[in-house]
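With mmCIF, C-alpha atoms inside, this is structure-v9.cif:
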data_final
#
loop_
_atom_site.group_PDB
_atom_site.id
_atom_site.type_symbol
_atom_site.label_atom_id
_atom_site.label_comp_id
_atom_site.auth_asym_id
_atom_site.auth_seq_id
_atom_site.Cartn_x
_atom_site.Cartn_y
_atom_site.Cartn_z
ATOM 1 C CA TYR A 825 41.811 -13.070 49.164
ATOM 2 C CA GLY A 826 44.684 -14.842 47.416
ATOM 3 C CA CYS A 827 46.861 -17.299 49.313
ATOM 4 C CA ALA A 828 47.830 -17.310 52.977
ATOM 5 C CA PRO A 829 50.871 -18.798 54.715
ATOM 6 C CA CYS A 830 50.487 -21.916 56.830
ATOM 7 C CA ARG A 831 51.183 -21.091 60.474
ATOM 8 C CA GLN A 832 51.379 -24.276 62.501
ATOM 9 C CA ASP A 833 51.367 -22.403 65.814
ATOM 10 C CA ASP A 834 47.838 -21.180 65.015
ATOM 11 C CA ILE A 835 46.555 -24.756 64.925
ATOM 12 C CA LEU A 836 45.477 -26.533 68.097
ATOM 13 C CA LYS A 837 47.919 -29.302 68.988
ATOM 14 C CA GLN A 838 45.409 -32.129 68.515
ATOM 15 C CA PHE A 839 44.841 -30.982 64.920
ATOM 16 C CA ARG A 840 48.463 -30.395 63.849
ATOM 17 C CA LYS A 841 48.885 -33.912 62.473
ATOM 18 C CA ASN A 842 47.134 -32.955 59.217
ATOM 19 C CA TYR A 843 48.752 -29.508 59.158
ATOM 20 C CA CYS A 844 47.327 -26.935 56.734
ATOM 21 C CA GLN A 845 45.370 -28.037 53.676
ATOM 22 C CA SER A 846 46.205 -26.391 50.368
ATOM 23 C CA VAL A 847 44.034 -25.717 47.323
ATOM 24 C CA CYS A 848 45.629 -28.801 45.784
ATOM 25 C CA LYS A 849 44.470 -30.941 48.724
ATOM 26 C CA ILE A 850 40.959 -29.461 48.627
ATOM 27 C CA MET A 851 40.632 -30.228 44.915
ATOM 28 C CA ASP A 852 41.931 -33.763 45.402
ATOM 29 C CA ILE A 853 39.811 -34.906 48.360
ATOM 30 C CA ASN A 854 36.656 -33.543 46.715
ATOM 31 C CA SER A 855 37.454 -35.445 43.487
ATOM 32 C CA ILE A 856 37.436 -32.250 41.430
ATOM 33 C CA VAL A 857 40.845 -32.973 39.904
ATOM 34 C CA HIS A 858 43.658 -35.324 40.861
ATOM 35 C CA CYS A 859 46.378 -33.307 42.560
ATOM 36 C CA ASN A 860 49.512 -34.784 44.122
ATOM 37 C CA VAL A 861 50.143 -32.750 47.252
ATOM 38 C CA THR A 862 53.643 -34.212 47.658
ATOM 39 C CA GLN A 863 54.913 -32.942 44.291
ATOM 40 C CA THR A 864 54.969 -29.151 44.275
ATOM 41 C CA PRO A 865 56.425 -27.724 41.002
ATOM 42 C CA PRO A 866 59.930 -26.177 41.271
ATOM 43 C CA ASP A 867 60.018 -22.620 42.635
ATOM 44 C CA ARG A 868 56.362 -22.878 43.667
ATOM 45 C CA GLN A 869 54.730 -23.053 47.086
ATOM 46 C CA PRO A 870 51.328 -24.549 48.036
ATOM 47 C CA CYS A 871 48.431 -22.101 48.174
ATOM 48 C CA TYR A 872 46.528 -22.118 51.463
ATOM 49 C CA PRO A 873 43.154 -20.340 51.042
ATOM 50 C CA PRO A 874 42.525 -17.957 53.945
ATOM 51 C CA MET A 875 38.767 -18.582 53.858
ATOM 52 C CA PHE A 876 39.275 -22.115 55.236
ATOM 53 C CA ALA A 877 40.681 -23.286 58.528
ATOM 54 C CA HIS A 878 43.505 -25.817 58.513
ATOM 55 C CA ASP A 879 41.166 -28.751 57.814
ATOM 56 C CA CYS A 880 39.809 -27.230 54.560
ATOM 57 C CA VAL A 881 36.269 -27.812 55.804
ATOM 58 C CA HIS A 882 35.592 -25.299 58.579
ATOM 59 C CA PRO A 883 35.728 -21.598 57.676
ATOM 60 C CA SER A 884 38.437 -19.403 59.117
ATOM 61 C CA ARG A 885 37.723 -15.926 60.480
ATOM 62 C CA VAL A 886 37.859 -14.649 56.906
ATOM 63 C CA GLY A 887 35.554 -17.462 55.763
ATOM 64 C CA HIS A 888 33.012 -16.672 58.448
ATOM 65 C CA SER A 889 33.086 -13.016 57.386
ATOM 66 C CA ILE A 890 32.388 -14.026 53.777
ATOM 67 C CA ALA A 891 29.501 -16.277 54.847
ATOM 68 C CA ARG A 892 28.092 -13.537 57.074
ATOM 69 C CA ASP A 893 28.162 -11.008 54.233
ATOM 70 C CA LEU A 894 26.410 -13.429 51.844
ATOM 71 C CA ILE A 895 23.697 -14.353 54.351
ATOM 72 C CA VAL A 896 23.035 -10.751 55.378
ATOM 73 C CA HIS A 897 22.828 -9.714 51.726
ATOM 74 C CA ALA A 898 20.365 -12.510 50.952
ATOM 75 C CA ILE A 899 18.121 -11.665 53.930
ATOM 76 C CA ALA A 900 18.232 -7.923 53.209
ATOM 77 C CA SER A 901 17.428 -8.500 49.534
ATOM 78 C CA ALA A 902 14.456 -10.720 50.379
ATOM 79 C CA ILE A 903 13.065 -8.160 52.869
ATOM 80 C CA ARG A 904 13.575 -5.299 50.401
ATOM 81 C CA ASP A 905 11.721 -7.132 47.640
ATOM 82 C CA ASP A 906 8.904 -8.015 50.033
ATOM 83 C CA CYS A 907 8.566 -4.390 51.196
ATOM 84 C CA GLN A 908 8.490 -3.230 47.577
ATOM 85 C CA ALA A 909 5.822 -5.834 46.750
ATOM 86 C CA LYS A 910 8.109 -7.500 44.238
ATOM 87 C CA PRO A 911 7.528 -11.163 43.372
ATOM 88 C CA PHE A 912 9.531 -13.676 45.385
ATOM 89 C CA MET A 913 12.805 -14.339 43.557
ATOM 90 C CA ARG A 914 14.236 -17.803 44.034
ATOM 91 C CA HIS A 915 17.685 -16.682 42.869
ATOM 92 C CA ILE A 916 18.156 -14.676 46.081
ATOM 93 C CA MET A 917 18.659 -17.891 48.014
ATOM 94 C CA PRO A 918 20.515 -20.999 46.766
ATOM 95 C CA GLU A 919 18.493 -23.652 45.002
ATOM 96 C CA SER A 920 18.416 -26.321 47.696
ATOM 97 C CA GLY A 921 15.092 -28.117 47.433
ATOM 98 C CA TRP A 922 13.929 -27.183 50.927
ATOM 99 C CA LEU A 923 13.294 -23.577 49.825
ATOM 100 C CA LEU A 924 10.077 -24.569 48.062
ATOM 101 C CA ASP A 925 8.110 -21.869 46.226
ATOM 102 C CA SER A 926 7.516 -19.119 48.776
ATOM 103 C CA PRO A 927 8.832 -17.605 52.014
ATOM 104 C CA LEU A 928 5.629 -18.722 53.772
ATOM 105 C CA ALA A 929 6.272 -22.342 52.855
ATOM 106 C CA LEU A 930 9.864 -22.000 54.050
ATOM 107 C CA ALA A 931 8.647 -20.538 57.356
ATOM 108 C CA SER A 932 6.253 -23.465 57.821
ATOM 109 C CA ARG A 933 9.017 -25.959 57.173
ATOM 110 C CA ALA A 934 11.334 -24.307 59.686
ATOM 111 C CA ASN A 935 8.709 -24.059 62.474
ATOM 112 C CA PHE A 936 9.234 -27.207 64.537
ATOM 113 C CA GLU A 937 6.705 -28.217 67.165
ATOM 114 C CA ILE A 938 9.147 -30.375 69.087
ATOM 115 C CA VAL A 939 12.939 -30.792 69.157
ATOM 116 C CA GLN A 940 14.469 -33.439 71.410
ATOM 117 C CA ASP A 941 18.256 -33.190 71.542
ATOM 118 C CA THR A 942 21.261 -34.964 73.051
ATOM 119 C CA MET A 943 23.259 -31.769 73.595
ATOM 120 C CA GLN A 944 22.134 -28.542 75.277
ATOM 121 C CA MET A 945 22.815 -25.443 73.174
ATOM 122 C CA TYR A 946 20.148 -23.032 74.454
ATOM 123 C CA SER A 947 18.416 -22.280 77.761
ATOM 124 C CA ARG A 948 15.550 -24.610 76.849
ATOM 125 C CA PHE A 949 16.620 -28.223 76.585
ATOM 126 C CA ASP A 950 14.284 -31.122 75.785
ATOM 127 C CA GLU A 951 16.527 -34.116 76.256
ATOM 128 C CA LEU A 952 16.294 -37.022 73.839
ATOM 129 C CA LYS A 953 15.447 -40.002 76.032
ATOM 130 C CA PRO A 954 14.521 -43.436 74.663
ATOM 131 C CA VAL A 955 11.510 -45.318 75.955
ATOM 132 C CA GLN A 956 13.162 -48.563 74.962
ATOM 133 C CA LYS A 957 16.594 -49.642 73.715
ATOM 134 C CA SER A 958 18.671 -52.764 73.223
ATOM 135 C CA ALA A 959 21.964 -53.294 75.039
ATOM 136 C CA GLY A 960 24.061 -52.097 72.091
ATOM 137 C CA TRP A 961 23.000 -48.441 72.437
ATOM 138 C CA SER A 962 24.830 -46.058 74.777
ATOM 139 C CA MET A 963 24.902 -42.291 75.311
ATOM 140 C CA TYR A 964 28.411 -40.818 75.094
ATOM 141 C CA SER A 965 30.631 -38.411 73.165
ATOM 142 C CA ASP A 966 32.805 -39.949 70.454
ATOM 143 C CA SER A 967 34.692 -36.704 69.759
ATOM 144 C CA THR A 968 38.108 -36.073 71.322
ATOM 145 C CA ALA A 969 38.106 -32.420 70.233
ATOM 146 C CA SER A 970 34.802 -31.371 71.815
ATOM 147 C CA HIS A 971 31.857 -32.695 73.810
ATOM 148 C CA LYS A 972 29.343 -33.999 71.252
ATOM 149 C CA PRO A 973 27.207 -36.706 72.887
ATOM 150 C CA GLY A 974 24.710 -38.897 71.110
ATOM 151 C CA TRP A 975 23.000 -42.280 71.245
ATOM 152 C CA ILE A 976 25.573 -44.555 69.602
ATOM 153 C CA SER A 977 25.575 -48.168 68.435
ATOM 154 C CA THR A 978 28.701 -49.862 67.023
ATOM 155 C CA ASN A 979 27.669 -53.536 67.067
ATOM 156 C CA LEU A 980 29.045 -55.066 63.856
ATOM 157 C CA LYS A 981 26.205 -57.616 63.801
ATOM 158 C CA GLY A 982 23.557 -54.873 63.793
ATOM 159 C CA ASN A 983 19.978 -55.524 64.893
ATOM 160 C CA GLU A 984 20.256 -52.944 67.684
ATOM 161 C CA THR A 985 17.046 -50.966 68.206
ATOM 162 C CA ILE A 986 16.322 -47.727 70.036
ATOM 163 C CA THR A 987 12.834 -46.199 70.331
ATOM 164 C CA PHE A 988 11.673 -42.657 71.126
ATOM 165 C CA MET A 989 8.204 -41.140 71.586
ATOM 166 C CA ILE A 990 6.599 -38.096 70.000
ATOM 167 C CA ASP A 991 3.528 -36.806 71.844
ATOM 168 C CA LEU A 992 1.899 -33.794 70.160
ATOM 169 C CA PRO A 993 -1.697 -32.516 69.837
ATOM 170 C CA GLN A 994 -3.708 -34.553 67.360
ATOM 171 C CA ARG A 995 -3.771 -33.226 63.784
ATOM 172 C CA GLN A 996 -3.804 -34.604 60.252
ATOM 173 C CA CYS A 997 -0.064 -34.891 59.802
ATOM 174 C CA TYR A 998 3.365 -34.189 61.318
ATOM 175 C CA ALA A 999 6.647 -34.518 59.431
ATOM 176 C CA VAL A 1000 9.261 -36.359 61.486
ATOM 177 C CA TYR A 1001 13.023 -35.787 61.323
ATOM 178 C CA VAL A 1002 15.888 -37.806 62.784
ATOM 179 C CA ALA A 1003 19.330 -36.182 62.973
ATOM 180 C CA VAL A 1004 22.313 -38.541 62.746
ATOM 181 C CA LEU A 1005 26.047 -38.272 62.351
ATOM 182 C CA ARG A 1006 27.263 -38.683 58.774
ATOM 183 C CA SER A 1007 30.907 -39.319 58.005
ATOM 184 C CA TYR A 1008 33.204 -40.745 55.339
ATOM 185 C CA GLU A 1009 34.387 -43.851 57.215
ATOM 186 C CA GLY A 1010 33.266 -46.348 59.840
ATOM 187 C CA MET A 1011 29.543 -45.645 59.533
ATOM 188 C CA GLY A 1012 26.639 -48.079 59.255
ATOM 189 C CA GLN A 1013 23.224 -48.422 57.673
ATOM 190 C CA PHE A 1014 19.930 -48.394 59.569
ATOM 191 C CA THR A 1015 16.138 -48.345 59.278
ATOM 192 C CA ILE A 1016 13.881 -45.635 60.700
ATOM 193 C CA GLU A 1017 10.339 -46.796 61.506
ATOM 194 C CA ILE A 1018 7.456 -44.523 62.544
ATOM 195 C CA GLU A 1019 4.416 -46.110 64.178
ATOM 196 C CA ASP A 1020 1.320 -43.944 64.645
ATOM 197 C CA MET A 1021 -0.294 -44.887 67.966
ATOM 198 C CA LYS A 1022 -3.800 -43.833 66.840
ATOM 199 C CA THR A 1023 -3.973 -45.217 63.311
ATOM 200 C CA ASN A 1024 -1.504 -48.103 63.907
ATOM 201 C CA LYS A 1025 0.079 -47.198 60.581
ATOM 202 C CA LYS A 1026 3.775 -48.015 60.204
ATOM 203 C CA THR A 1027 6.114 -46.196 57.834
ATOM 204 C CA SER A 1028 9.784 -47.023 57.380
ATOM 205 C CA MET A 1029 12.797 -45.953 55.376
ATOM 206 C CA ASP A 1030 16.426 -47.080 55.103
ATOM 207 C CA ALA A 1031 19.303 -44.653 55.571
ATOM 208 C CA ASP A 1032 23.091 -44.643 55.636
ATOM 209 C CA GLY A 1033 25.539 -42.796 57.871
ATOM 210 C CA LEU A 1034 28.302 -43.078 55.267
ATOM 211 C CA TRP A 1035 28.756 -40.467 52.563
ATOM 212 C CA LYS A 1036 31.497 -39.317 50.192
ATOM 213 C CA PRO A 1037 32.419 -35.830 51.502
ATOM 214 C CA HIS A 1038 35.483 -35.859 53.792
ATOM 215 C CA ILE A 1039 33.623 -34.312 56.693
ATOM 216 C CA SER A 1040 31.845 -35.634 59.777
ATOM 217 C CA VAL A 1041 28.740 -33.595 60.526
ATOM 218 C CA TRP A 1042 25.223 -33.698 61.966
ATOM 219 C CA SER A 1043 22.633 -34.375 59.242
ATOM 220 C CA ASP A 1044 18.822 -34.200 59.368
ATOM 221 C CA ILE A 1045 16.872 -37.011 57.707
ATOM 222 C CA GLN A 1046 13.209 -36.371 56.921
ATOM 223 C CA ALA A 1047 11.742 -39.729 57.873
ATOM 224 C CA SER A 1048 8.182 -38.976 56.701
ATOM 225 C CA THR A 1049 6.822 -36.947 53.805
ATOM 226 C CA ASP A 1050 4.352 -34.068 53.884
ATOM 227 C CA ASN A 1051 1.812 -35.840 51.674
ATOM 228 C CA ASN A 1052 1.850 -39.136 53.576
ATOM 229 C CA PRO A 1053 0.531 -38.850 57.164
ATOM 230 C CA SER A 1054 2.907 -41.069 59.153
ATOM 231 C CA CYS A 1055 2.454 -39.380 62.525
ATOM 232 C CA THR A 1056 -0.780 -37.681 63.601
ATOM 233 C CA GLY A 1057 0.318 -36.688 67.099
ATOM 234 C CA LYS A 1058 1.451 -39.592 69.215
ATOM 235 C CA CYS A 1059 3.893 -41.961 67.559
ATOM 236 C CA ARG A 1060 6.857 -44.204 68.191
ATOM 237 C CA VAL A 1061 10.078 -43.621 66.250
ATOM 238 C CA SER A 1062 12.517 -46.543 66.183
ATOM 239 C CA ILE A 1063 16.006 -46.808 64.694
ATOM 240 C CA ARG A 1064 17.290 -50.321 63.958
ATOM 241 C CA THR A 1065 20.871 -50.902 62.830
ATOM 242 C CA HIS A 1066 21.842 -53.214 59.969
ATOM 243 C CA PRO A 1067 24.792 -55.641 59.983
ATOM 244 C CA GLN A 1068 28.144 -54.177 58.962
ATOM 245 C CA VAL A 1069 28.490 -53.661 55.225
ATOM 246 C CA ASP A 1070 31.349 -55.641 53.661
ATOM 247 C CA GLY A 1071 34.416 -53.496 53.099
ATOM 248 C CA ARG A 1072 33.592 -50.894 55.725
ATOM 249 C CA SER A 1073 35.812 -50.218 58.732
ATOM 250 C CA GLY A 1074 32.971 -50.028 61.248
ATOM 251 C CA ASN A 1075 29.226 -49.987 61.832
ATOM 252 C CA LYS A 1076 28.606 -46.837 63.859
ATOM 253 C CA VAL A 1077 25.150 -45.242 64.009
ATOM 254 C CA LYS A 1078 24.867 -42.052 66.077
ATOM 255 C CA VAL A 1079 21.469 -40.454 66.762
ATOM 256 C CA LEU A 1080 21.496 -36.802 67.828
ATOM 257 C CA THR A 1081 18.054 -35.236 67.505
ATOM 258 C CA LEU A 1082 14.391 -36.154 67.008
ATOM 259 C CA SER A 1083 12.089 -33.374 65.795
ATOM 260 C CA ALA A 1084 8.702 -32.852 64.184
ATOM 261 C CA ARG A 1085 6.782 -30.066 62.454
ATOM 262 C CA LYS A 1086 3.324 -29.664 60.962
ATOM 263 C CA CYS A 1087 3.080 -31.031 57.443
ATOM 264 C CA LEU A 1088 2.884 -28.565 54.564
ATOM 265 C CA ASP A 1089 -0.401 -28.286 52.700
ATOM 266 C CA ILE A 1090 0.732 -29.976 49.479
ATOM 267 C CA LYS A 1091 -1.926 -30.382 46.840
#
Take the structure I supplied and represent it as structure tokens, if you would.
Amino acid sequence: YGCAPCRQDDILKQFRKNYCQSVCKIMDINSIVHCNVTQTPPDRQPCYPPMFAHDCVHPSRVGHSIARDLIVHAIASAIRDDCQAKPFMRHIMPESGWLLDSPLALASRANFEIVQDTMQMYSRFDELKPVQKSAGWSMYSDSTASHKPGWISTNLKGNETITFMIDLPQRQCYAVYVAVLRSYEGMGQFTIEIEDMKTNKKTSMDADGLWKPHISVWSDIQASTDNNPSCTGKCRVSIRTHPQVDGRSGNKVKVLTLSARKCLDIK
């Protein structure tokens, strides 16, 4: 698609501060190569890729069209091979770990039994409500551009706990997921603990809301593994914040979704 001009009038006013992002800027912020965006060679102009929006993260209309074509091609290819009784080809989809070894395993992993959310997107809405929380947790939207609520703690001293319940029919194992906000600045560390109410077993893991990519986005954390029964139906899921890490500009932890699915039959 080559390069596109930067049209400031096409950018919403609240986003115009950063203006358009060129290929040079994209390469630099992703640490691919060092590129000085303030020093354009003589007689040259920055290249703005039309597949990205102004922030070089979200796709433009062209970018969405490219993504649509790739996804449709992948789905159509998988269905064609299945109809022709061809073996499942992993190269049709990207190698991402969650794909596993077969479409059936992928279907099992994507079939959630419960999804509790902080934001309504569809007609059915199972709201994420805590059964217990400390004073440092509040439900609100921290986005000025759009309404994106979540359970948020910013206490720099940490030790803020919020607890949710999962109540599903008894079975050998459920895999539990907690969706949090991940961003490149101001985020904190936390511990996720799952307590099975029948077996009294407790399983915990540490996680971090800070990552390197210059993007702030919802991210699912699998808090329990398929081969380690941490929740057999009714369980408590608690998130406890850690004290602020030295050198960080904040200690935000934002919880968005709690979900669970049946564990895969892993031998």
*Enumerate, as a count of residues only, the residues matched when the PyMOL selection byres ((chain A and resi 1044-1050) around 9) is run on the file above.*
29
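Once the PyMOL selection byres ((chain A and resi 979-982) around 10) is applied to the depicted file, the selected set reads Ala959, Gly960, Trp961, Ile976, Ser977, Thr978, Asn983, Glu984, Thr985, Gly1012, Gln1013, Phe1014, Arg1064, Thr1065, His1066, Pro1067, Gln1068, Val1069, Ser1073, Gly1074, Asn1075, Lys1076 and Val1077 of chain A.
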Residues as selected, C-alpha atoms, written as an mmCIF file, keeping the file's coordinate frame, can you do that?
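New file selection.cif:
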data_model
loop_
_atom_site.group_PDB
_atom_site.id
_atom_site.type_symbol
_atom_site.label_atom_id
_atom_site.label_comp_id
_atom_site.auth_asym_id
_atom_site.auth_seq_id
_atom_site.Cartn_x
_atom_site.Cartn_y
_atom_site.Cartn_z
ATOM 1 C CA ALA A 959 21.964 -53.294 75.039
ATOM 2 C CA GLY A 960 24.061 -52.097 72.091
ATOM 3 C CA TRP A 961 23.000 -48.441 72.437
ATOM 4 C CA ILE A 976 25.573 -44.555 69.602
ATOM 5 C CA SER A 977 25.575 -48.168 68.435
ATOM 6 C CA THR A 978 28.701 -49.862 67.023
ATOM 7 C CA ASN A 983 19.978 -55.524 64.893
ATOM 8 C CA GLU A 984 20.256 -52.944 67.684
ATOM 9 C CA THR A 985 17.046 -50.966 68.206
ATOM 10 C CA GLY A 1012 26.639 -48.079 59.255
ATOM 11 C CA GLN A 1013 23.224 -48.422 57.673
ATOM 12 C CA PHE A 1014 19.930 -48.394 59.569
ATOM 13 C CA ARG A 1064 17.290 -50.321 63.958
ATOM 14 C CA THR A 1065 20.871 -50.902 62.830
ATOM 15 C CA HIS A 1066 21.842 -53.214 59.969
ATOM 16 C CA PRO A 1067 24.792 -55.641 59.983
ATOM 17 C CA GLN A 1068 28.144 -54.177 58.962
ATOM 18 C CA VAL A 1069 28.490 -53.661 55.225
ATOM 19 C CA SER A 1073 35.812 -50.218 58.732
ATOM 20 C CA GLY A 1074 32.971 -50.028 61.248
ATOM 21 C CA ASN A 1075 29.226 -49.987 61.832
ATOM 22 C CA LYS A 1076 28.606 -46.837 63.859
ATOM 23 C CA VAL A 1077 25.150 -45.242 64.009
#
*If you measure from CA of Pro973 in chain A to CA of Met989 in chain A, what distance in Å do you get, rounded to one decimal?*
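Distance between the two atoms: 19.6 Å.
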Run through the PyMOL selection byres ((chain A and resi 886-899) around 7) on the given coordinates and return the selected residues as a CSV table (one decimal) with C-alpha atoms, in the coordinates of the input.
chain,number,residue,atom,x,y,z
A,874,PRO,CA,42.5,-18.0,53.9
A,875,MET,CA,38.8,-18.6,53.9
A,876,PHE,CA,39.3,-22.1,55.2
A,883,PRO,CA,35.7,-21.6,57.7
A,884,SER,CA,38.4,-19.4,59.1
A,885,ARG,CA,37.7,-15.9,60.5
A,900,ALA,CA,18.2,-7.9,53.2
A,901,SER,CA,17.4,-8.5,49.5
A,902,ALA,CA,14.5,-10.7,50.4
A,903,ILE,CA,13.1,-8.2,52.9
A,916,ILE,CA,18.2,-14.7,46.1
A,917,MET,CA,18.7,-17.9,48.0
*Which residues, written as an NGL selection string, have at least one atom at most 9 Å from Val861 in chain A, with all atoms listed in the file counted and residues fewer than 6 positions away on the same chain left out?*
:A and (846 or 848-849 or 852 or 870)
Output the selection as a PDB file, keeping the file's coordinate frame - C-alpha atoms for each residue.
ATOM      1  CA  SER A 846      46.205 -26.391  50.368  1.00  0.00           C
ATOM      2  CA  CYS A 848      45.629 -28.801  45.784  1.00  0.00           C
ATOM      3  CA  LYS A 849      44.470 -30.941  48.724  1.00  0.00           C
ATOM      4  CA  ASP A 852      41.931 -33.763  45.402  1.00  0.00           C
ATOM      5  CA  PRO A 870      51.328 -24.549  48.036  1.00  0.00           C
TER       6      PRO A 870
END
*Give me, please, the distance in Å between CA of Gly1033 in chain A and CA of Met1011 in chain A, quoted to one decimal.*
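Here the two named atoms are 5.2 Å from each other.
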*Could you state the separation of CA of Cys859 in chain A and CA of Gln832 in chain A in Å, given to one decimal place?*
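Those two atoms sit 22.5 Å apart.
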*Restricting the calculation to all atoms listed in the file, which member of A:Asp867, A:Ile990, A:Val1061, A:Lys972 is positioned closest to Ile938 in chain A?*
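Result for the nearest residue to Ile938 in chain A: A:Ile990.
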